[in-house]
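Participant: See target-v1.cif below, with mmCIF, C-alpha atoms.
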```cif
data_entry
loop_
_atom_site.label_atom_id
_atom_site.label_comp_id
_atom_site.auth_asym_id
_atom_site.auth_seq_id
_atom_site.Cartn_x
_atom_site.Cartn_y
_atom_site.Cartn_z
CA SER A 706 0.00 0.00 0.00
CA LEU A 707 1.18 3.54 -0.76
CA ASP A 708 -0.60 4.79 2.35
CA PRO A 709 0.48 4.15 5.96
CA MET A 710 -0.91 0.92 7.39
CA PHE A 711 -0.54 -0.83 10.76
CA SER A 712 -1.54 -4.25 12.03
CA LEU A 713 -2.73 -4.05 15.64
CA TYR A 714 -3.23 -6.63 18.34
CA GLU A 715 -6.36 -6.57 20.45
CA ASN A 716 -4.63 -4.47 23.11
CA GLY A 717 -3.65 -1.79 20.56
CA VAL A 718 -0.01 -2.81 20.25
CA ILE A 719 1.46 -2.46 16.75
CA GLY A 720 2.53 -5.74 15.20
CA VAL A 721 3.59 -4.56 11.74
CA ALA A 722 4.03 -1.16 10.09
CA ASN A 723 4.61 -0.65 6.38
CA ALA A 724 7.22 1.65 4.79
CA PRO A 725 4.84 4.63 4.25
CA ALA A 726 3.96 4.50 7.98
CA VAL A 727 7.66 4.56 8.87
CA HIS A 728 8.20 7.51 6.50
CA LEU A 729 5.18 9.52 7.67
CA PHE A 730 5.67 9.21 11.41
CA GLY A 731 9.47 9.32 11.52
CA TYR A 732 10.02 6.15 13.55
CA SER A 733 12.04 3.16 12.46
CA HIS A 734 10.15 -0.07 11.94
CA ALA A 735 11.72 -1.47 15.11
CA GLU A 736 10.55 1.56 17.09
CA LEU A 737 6.98 1.19 15.85
CA VAL A 738 6.64 -2.54 16.51
CA GLY A 739 5.52 -3.04 20.11
CA LYS A 740 4.39 0.58 20.43
CA ASN A 741 0.74 1.23 21.28
CA ILE A 742 -1.21 2.91 18.48
CA ALA A 743 -2.72 5.29 21.07
CA SER A 744 0.62 7.12 21.33
CA ILE A 745 0.44 7.88 17.59
CA CYS A 746 -3.27 8.14 16.95
CA PRO A 747 -5.57 8.06 20.01
CA THR A 748 -8.63 7.94 17.74
CA ALA A 749 -7.46 4.63 16.24
CA ARG A 750 -7.36 3.07 19.69
CA GLU A 751 -10.78 4.49 20.57
CA VAL A 752 -12.27 3.05 17.37
CA GLN A 753 -10.63 -0.29 18.08
CA ASN A 754 -12.25 -0.35 21.52
CA VAL A 755 -15.62 0.39 19.93
CA LEU A 756 -15.17 -2.50 17.50
CA ASN A 757 -14.28 -4.79 20.39
CA PHE A 758 -17.36 -3.70 22.31
CA VAL A 759 -19.88 -4.05 19.50
CA ASN A 760 -18.09 -7.04 17.93
CA ALA A 761 -18.17 -5.37 14.49
CA PRO A 762 -15.75 -6.22 11.65
CA SER A 763 -15.07 -2.59 10.68
CA ILE A 764 -16.22 1.01 11.06
CA ASN A 765 -18.86 2.13 8.60
CA LYS A 766 -16.82 4.93 7.09
CA GLN A 767 -13.44 6.56 7.25
CA GLN A 768 -13.06 9.54 9.53
CA THR A 769 -10.75 12.52 9.53
CA THR A 770 -8.65 12.87 12.66
CA THR A 771 -5.21 13.88 13.90
CA ALA A 772 -2.12 11.75 14.56
CA MET A 773 1.31 12.72 15.88
CA ASP A 774 4.74 11.91 14.49
CA LYS A 775 7.96 11.24 16.41
CA SER A 776 8.84 14.96 16.61
CA GLY A 777 5.43 15.85 18.07
CA ARG A 778 4.13 17.40 14.85
CA LYS A 779 0.42 16.94 14.32
CA VAL A 780 -0.56 15.16 11.12
CA SER A 781 -4.03 15.35 9.63
CA ILE A 782 -5.12 11.89 8.45
CA LYS A 783 -8.12 9.94 7.22
CA LEU A 784 -8.50 6.78 9.31
CA GLY A 785 -10.08 3.45 8.51
CA LEU A 786 -10.05 0.39 10.80
CA SER A 787 -11.02 -3.20 10.06
CA LEU A 788 -10.86 -6.56 11.90
CA ASN A 789 -9.45 -9.81 10.51
CA GLN A 790 -10.43 -12.82 12.63
CA THR A 791 -8.45 -15.35 10.55
CA PHE A 792 -5.18 -13.59 9.87
CA ALA A 793 -2.53 -16.17 8.92
CA GLY A 794 0.11 -16.80 11.59
CA SER A 795 -1.94 -15.35 14.46
CA GLU A 796 -4.31 -17.08 16.82
CA ASP A 797 -5.75 -13.77 18.04
CA PRO A 798 -7.83 -11.28 16.03
CA VAL A 799 -5.76 -8.71 14.12
CA TYR A 800 -6.89 -5.21 13.35
CA PHE A 801 -5.71 -3.20 10.36
CA ALA A 802 -5.46 0.55 10.62
CA HIS A 803 -5.35 2.33 7.25
CA MET A 804 -4.30 5.97 7.22
CA LYS A 805 -4.15 8.58 4.47
CA ASP A 806 -1.98 11.65 4.95
CA LEU A 807 -4.13 14.75 4.39
CA THR A 808 -1.43 17.29 5.22
CA THR A 809 -0.43 17.99 1.62
CA LEU A 810 -4.05 18.12 0.49
CA GLU A 811 -4.93 20.56 3.26
CA GLU A 812 -1.92 22.73 2.46
CA GLN A 813 -2.96 22.81 -1.19
CA LYS A 814 -6.53 23.62 -0.20
CA SER A 815 -5.27 26.39 2.07
CA GLN A 816 -3.24 27.86 -0.78
CA ILE A 817 -6.22 27.69 -3.12
CA ASP A 818 -8.46 29.32 -0.50
CA HIS A 819 -5.86 32.06 -0.02
CA LYS A 820 -5.68 32.71 -3.76
CA ASP A 821 -9.48 32.74 -4.01
CA THR A 822 -9.67 35.24 -1.15
CA LEU A 823 -6.99 37.41 -2.74
CA CYS A 824 -8.70 37.25 -6.13
CA GLN A 825 -12.07 38.21 -4.63
CA ALA A 826 -10.44 41.08 -2.72
CA MET A 827 -8.91 42.39 -5.95
CA ILE A 828 -12.25 42.12 -7.72
CA ASN A 829 -14.01 43.92 -4.87
CA ALA A 830 -11.41 46.69 -5.05
CA SER A 831 -12.82 47.75 -8.42
CA PHE A 832 -15.12 50.77 -8.31
CA ASP A 833 -17.08 49.48 -11.32
CA PRO A 834 -19.38 46.44 -11.29
CA MET A 835 -17.70 43.23 -12.46
CA PHE A 836 -19.15 39.82 -13.28
CA GLY A 837 -17.57 36.47 -14.12
CA ILE A 838 -19.86 34.18 -16.12
CA ASP A 839 -19.49 30.69 -17.60
CA GLN A 840 -20.14 29.84 -21.24
CA ARG A 841 -23.83 29.35 -20.50
CA GLY A 842 -24.12 32.86 -19.04
CA LYS A 843 -24.32 31.72 -15.41
CA ILE A 844 -22.78 34.15 -12.91
CA ILE A 845 -19.93 32.55 -10.96
CA VAL A 846 -18.12 35.66 -9.67
CA VAL A 847 -19.47 39.08 -8.73
CA ASN A 848 -18.01 42.03 -6.85
CA LYS A 849 -19.45 44.37 -4.24
CA ALA A 850 -19.80 47.26 -6.68
CA ALA A 851 -22.17 45.14 -8.78
CA CYS A 852 -24.26 44.31 -5.72
CA GLN A 853 -24.51 47.98 -4.81
CA ALA A 854 -25.32 49.10 -8.36
CA PHE A 855 -28.05 46.53 -9.00
CA GLY A 856 -29.46 46.04 -5.50
CA TYR A 857 -28.89 42.29 -5.25
CA ALA A 858 -27.01 40.37 -2.56
CA GLN A 859 -24.05 38.31 -3.77
CA GLU A 860 -25.97 35.09 -3.06
CA GLU A 861 -28.81 36.27 -5.32
CA PHE A 862 -26.42 36.80 -8.22
CA LEU A 863 -24.44 33.56 -8.02
CA ASP A 864 -25.65 30.68 -10.23
CA ASN A 865 -28.19 32.92 -11.95
CA ASN A 866 -27.96 34.05 -15.57
CA ILE A 867 -26.37 37.39 -16.43
CA SER A 868 -29.59 38.29 -18.26
CA MET A 869 -31.06 39.23 -14.87
CA ILE A 870 -29.34 42.63 -15.13
CA CYS A 871 -30.52 43.36 -18.70
CA ASN A 872 -33.84 44.56 -19.99
CA GLU A 873 -35.85 42.02 -21.96
CA SER A 874 -34.63 42.81 -25.50
CA ASP A 875 -30.95 43.14 -24.54
CA ALA A 876 -31.12 39.93 -22.50
CA ARG A 877 -32.34 37.92 -25.50
CA ALA A 878 -29.73 39.41 -27.84
CA HIS A 879 -26.86 38.95 -25.40
CA GLY A 880 -27.79 35.30 -24.84
CA ARG A 881 -27.83 34.66 -28.60
CA TYR A 882 -24.43 36.33 -29.10
CA LEU A 883 -22.85 34.29 -26.30
CA HIS A 884 -24.31 31.00 -27.53
CA ARG A 885 -23.21 31.74 -31.11
CA TYR A 886 -19.66 32.58 -30.00
CA VAL A 887 -19.28 29.35 -27.98
CA ARG A 888 -20.62 27.35 -30.93
CA THR A 889 -18.90 29.08 -33.85
CA GLY A 890 -16.20 31.38 -32.44
CA GLU A 891 -17.85 34.36 -34.15
CA LYS A 892 -17.24 37.45 -32.03
CA ARG A 893 -20.02 39.98 -31.67
CA VAL A 894 -19.83 41.04 -28.05
CA ILE A 895 -16.50 39.51 -26.95
CA GLY A 896 -13.70 42.08 -26.78
CA GLN A 897 -16.04 44.98 -27.52
CA LYS A 898 -17.95 47.59 -25.57
CA ARG A 899 -21.68 47.90 -26.06
CA SER A 900 -24.25 50.39 -24.86
CA LEU A 901 -27.15 48.62 -23.18
CA VAL A 902 -30.00 49.32 -20.84
CA ALA A 903 -29.54 47.59 -17.48
CA ARG A 904 -32.23 46.67 -14.96
CA ARG A 905 -31.94 46.83 -11.18
CA LYS A 906 -33.62 44.47 -8.75
CA ASP A 907 -36.42 47.01 -8.18
CA GLY A 908 -37.15 47.08 -11.93
CA THR A 909 -35.71 50.54 -12.65
CA GLU A 910 -33.56 50.79 -15.75
CA PHE A 911 -30.42 52.80 -16.44
CA PRO A 912 -27.89 53.10 -19.30
CA ILE A 913 -24.63 51.16 -19.10
CA GLU A 914 -21.57 50.38 -21.15
CA LEU A 915 -20.74 46.65 -21.08
CA GLY A 916 -17.35 45.22 -21.97
CA VAL A 917 -16.81 41.45 -22.19
CA SER A 918 -13.45 39.65 -22.27
CA GLU A 919 -12.73 35.93 -22.60
CA VAL A 920 -10.76 33.66 -20.24
CA CYS A 921 -9.80 30.09 -21.25
CA LEU A 922 -9.78 27.62 -18.35
CA SER A 923 -7.47 24.62 -17.94
CA ASN A 924 -10.36 22.17 -18.50
CA GLY A 925 -10.99 23.61 -21.96
CA GLU A 926 -14.10 25.57 -21.00
CA LYS A 927 -14.40 29.29 -21.41
CA MET A 928 -15.51 31.92 -18.96
CA PHE A 929 -16.17 35.58 -19.59
CA CYS A 930 -15.53 38.69 -17.54
CA GLY A 931 -18.08 41.46 -17.85
CA TYR A 932 -17.23 45.04 -16.89
CA VAL A 933 -20.10 47.46 -16.39
CA ARG A 934 -19.93 51.24 -16.42
CA ASP A 935 -22.96 53.27 -15.35
CA ARG A 936 -23.59 55.95 -17.98
CA THR A 937 -26.37 57.75 -16.11
CA GLN A 938 -24.22 60.69 -15.01
CA GLU A 939 -22.51 60.85 -18.39
CA GLN A 940 -25.85 61.21 -20.17
CA LEU A 941 -27.06 63.80 -17.66
CA ASP A 942 -23.87 65.80 -18.22
CA LYS A 943 -24.37 65.66 -21.99
CA LYS A 944 -27.94 66.89 -21.64
CA MET A 945 -26.82 69.73 -19.40
CA LEU A 946 -24.09 70.67 -21.89
CA ARG A 947 -26.58 70.73 -24.78
CA ARG A 948 -28.89 72.99 -22.76
CA LYS A 949 -26.07 75.39 -21.99
CA GLU A 950 -25.06 75.48 -25.66
CA ALA A 951 -28.66 76.22 -26.63
CA VAL A 952 -28.88 79.07 -24.12
CA ILE A 953 -25.62 80.53 -25.39
CA GLN A 954 -26.81 80.21 -28.98
CA ASP A 955 -30.08 82.02 -28.22
CA LYS A 956 -28.45 84.79 -26.17
CA PHE A 957 -25.54 85.77 -28.36
CA PHE A 958 -26.53 84.71 -31.86
CA GLN A 959 -30.26 85.49 -31.92
CA THR A 960 -31.44 86.94 -35.26
CA GLU A 961 -33.05 90.41 -35.07
CA PRO A 962 -36.83 90.49 -35.70
CA LYS A 963 -38.11 91.61 -39.12
CA ASP A 964 -40.97 94.03 -39.91
CA ALA A 965 -43.93 93.30 -42.12
CA ARG A 966 -41.93 94.10 -45.28
CA GLY A 967 -39.17 91.72 -44.32
CA ALA A 968 -36.72 94.51 -43.55
CA MET A 969 -34.68 94.41 -40.42
CA LYS A 970 -35.97 96.68 -37.67
CA ARG A 971 -33.31 98.94 -36.39
CA ASN A 972 -33.38 101.18 -33.42
CA SER A 973 -32.64 104.75 -34.57
CA PRO A 974 -32.87 108.15 -32.86
CA ARG A 975 -36.17 109.96 -33.30
CA ARG A 976 -36.04 112.93 -35.64
CA MET A 977 -36.34 116.34 -34.03
CA GLN A 978 -39.70 117.97 -34.64
#
```
Starting from the file, lay out its structure as structure tokens.
Facilitator:
Amino acid sequence: SLDPMFSLYENGVIGVANAPAVHLFGYSHAELVGKNIASICPTAREVQNVLNFVNAPSINKQQTTTAMDKSGRKVSIKLGLSLNQTFAGSEDPVYFAHMKDLTTLEEQKSQIDHKDTLCQAMINASFDPMFGIDQRGKIIVVNKAACQAFGYAQEEFLDNNISMICNESDARAHGRYLHRYVRTGEKRVIGQKRSLVARRKDGTEFPIELGVSEVCLSNGEKMFCGYVRDRTQEQLDKKMLRRKEAVIQDKFFQTEPKDARGAMKRNSPRRMQ
């Protein structure tokens, strides 16, 4: 076996330890033989006592617990224990303790969790709403700015389709473009910015600029990052600018009124009587 394994007598004393057990726990084989399993993994001894009490051949499922190596370092393991009543060369029942070292897996998981946390923190640092969607349009990542802009909680966004932030016509069109790109590779929205009308949770609509970029995953699937910019203030500013230009045009370039004959009326001094 590539995983640590011990044979145990009924009193918990180790009879045999394989090479992976020697390597994991730092003892020599001679040091392990005759040692009680409780000094390495108390849970293994407790489970063995339970099996003795209920006269069961094995535990129903493996359990995650902690063992300790020769240096005192704690080792996270998955433990399984079984009983062999007819083990060759032994008149007494022999128990087999199977262990799987979870330390590396937990370290890898910790690193992945750290990277996920860092990635989410970077996404949340953006002032503009950001979405990560899969190739079916399902939202898998969203930042705080998006939640604030659209009025949804993060949990309400996740696993729902990105069309929930679009009005009805834009939602249909965007879904078609995405499906066509995945199927044919024809780009219509990928790598471009588009002006759309977005819809908040309360049903109110507002103008946005949407940019979509593509990310290729290691499993061959694609995901897309959507960047949203609220254009409400921009459009208000443009309207205000047009009004100011109109006022200036009327005030400084207004044409003088004409009389009934079409001639320009001019203000002139009255003649002296």
Participant: For the structure shown, which residues end up in the PyMOL selection byres ((chain A and resi 828) around 12)? Put them as a list of chain:residue names, please?
Facilitator: A:Asp821, A:Thr822, A:Leu823, A:Cys824, A:Gln825, A:Ala826, A:Met827, A:Asn829, A:Ala830, A:Ser831, A:Phe832, A:Asp833, A:Pro834, A:Met835, A:Phe836, A:Gly837, A:Val846, A:Val847, A:Asn848, A:Lys849, A:Ala850, A:Ala851, A:Cys930, A:Gly931, A:Tyr932
Participant: Just checking: using all atoms listed in the file, which residue out of A:Asp708, A:Gly717, A:Ser781, A:Ser918 ends up closest to Glu812 in chain A?
Facilitator: A:Ser781
Participant: Between CA of Thr771 in chain A and CA of Ile719 in chain A, what is the distance in Å, rounded to a tenth?
Facilitator: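 Result for CA of Thr771 in chain A versus CA of Ile719 in chain A: 17.9 Å, one decimal.
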Participant: One decimal, Å: what's the distance from CA of Ile870 in chain A over to CA of Arg905 in chain A, could you say?
Facilitator: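 Spanning CA of Ile870 in chain A to CA of Arg905 in chain A is a straight-line distance of 6.3 Å.
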Participant: Rounded to one decimal in Å, what is the spacing between CA of Val887 in chain A and CA of Asn866 in chain A?
Facilitator: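 Between these atoms lies a distance of 15.9 Å.
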Participant: Name every residue that the PyMOL selection byres ((chain A and resi 913) around 7) selects in this structure, writing the answer as a PyMOL selection string with chains first and numbers rising.
Facilitator: chain A and resi 900-903+911-912+914-915+933-936
Participant: Pick from A:Arg899, A:Lys906, A:Lys740, A:Lys949: nearest to Ala878 in chain A, with only C-alpha atoms counted?
Facilitator: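 Ranking A:Arg899, A:Lys906, A:Lys740, A:Lys949 by distance to Ala878 in chain A, first place goes to A:Arg899.
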Participant: Of the residues A:Ala722, A:Ile817, A:Leu786, A:Leu807, which is the one nearest to Gln767 in chain A, using all atoms listed in the file?
Facilitator: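 Closest candidate: A:Leu786.
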Participant: For the structure shown, which residues end up in the PyMOL selection byres ((chain A and resi 725) around 10)? Put them as a list in words, please?
Facilitator: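 The output of the PyMOL selection byres ((chain A and resi 725) around 10) on this file is Ser706, Leu707, Asp708, Pro709, Met710, Ala722, Asn723, Ala724, Ala726, Val727, His728, Leu729, Phe730, Gly731, Met804, Lys805 and Asp806 of chain A.
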Participant: Quick one: everything within 9 Å of Ala772 in chain A, counting only C-alpha atoms, minus sequence neighbours fewer than 5 positions away in the same chain. Send it as a ChimeraX atom specification.
Facilitator: /A:730,744-748,778-782
Participant: Write a file of the selected residues as a JSON list (two decimals), in the coordinates of the input, keeping C-alpha atoms.
Facilitator:
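Result went into selection07.json, see below:
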```json
[["chain", "number", "residue", "atom", "x", "y", "z"],
["A", 730, "PHE", "CA", 5.67, 9.21, 11.41],
["A", 744, "SER", "CA", 0.62, 7.12, 21.33],
["A", 745, "ILE", "CA", 0.44, 7.88, 17.59],
["A", 746, "CYS", "CA", -3.27, 8.14, 16.95],
["A", 747, "PRO", "CA", -5.57, 8.06, 20.01],
["A", 748, "THR", "CA", -8.63, 7.94, 17.74],
["A", 778, "ARG", "CA", 4.13, 17.40, 14.85],
["A", 779, "LYS", "CA", 0.42, 16.94, 14.32],
["A", 780, "VAL", "CA", -0.56, 15.16, 11.12],
["A", 781, "SER", "CA", -4.03, 15.35, 9.63],
["A", 782, "ILE", "CA", -5.12, 11.89, 8.45]]
```
Participant: Show me the residues close to (-12.8, 29.8, -21.0) - anything with an atom within 8 Å, counting only C-alpha atoms - and format the list as a list in words.
Facilitator: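 The distance filter leaves exactly Asp839, Gln840, Glu919, Val920, Cys921, Leu922, Gly925, Glu926, Lys927, Met928 and Phe929 of chain A.
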Participant: Would you please work out which residue, of A:His803, A:Asp942, A:Arg881, A:Thr889, is nearest to Ser712 in chain A when using only C-alpha atoms?
Facilitator: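 Closest candidate: A:His803.
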Participant: Skipping near chain neighbours, those fewer than 4 positions away, what residues fall within 10 Å of Glu861 in chain A using only C-alpha atoms, listed as a ChimeraX atom specification?
Facilitator: /A:844,852,856-857,865
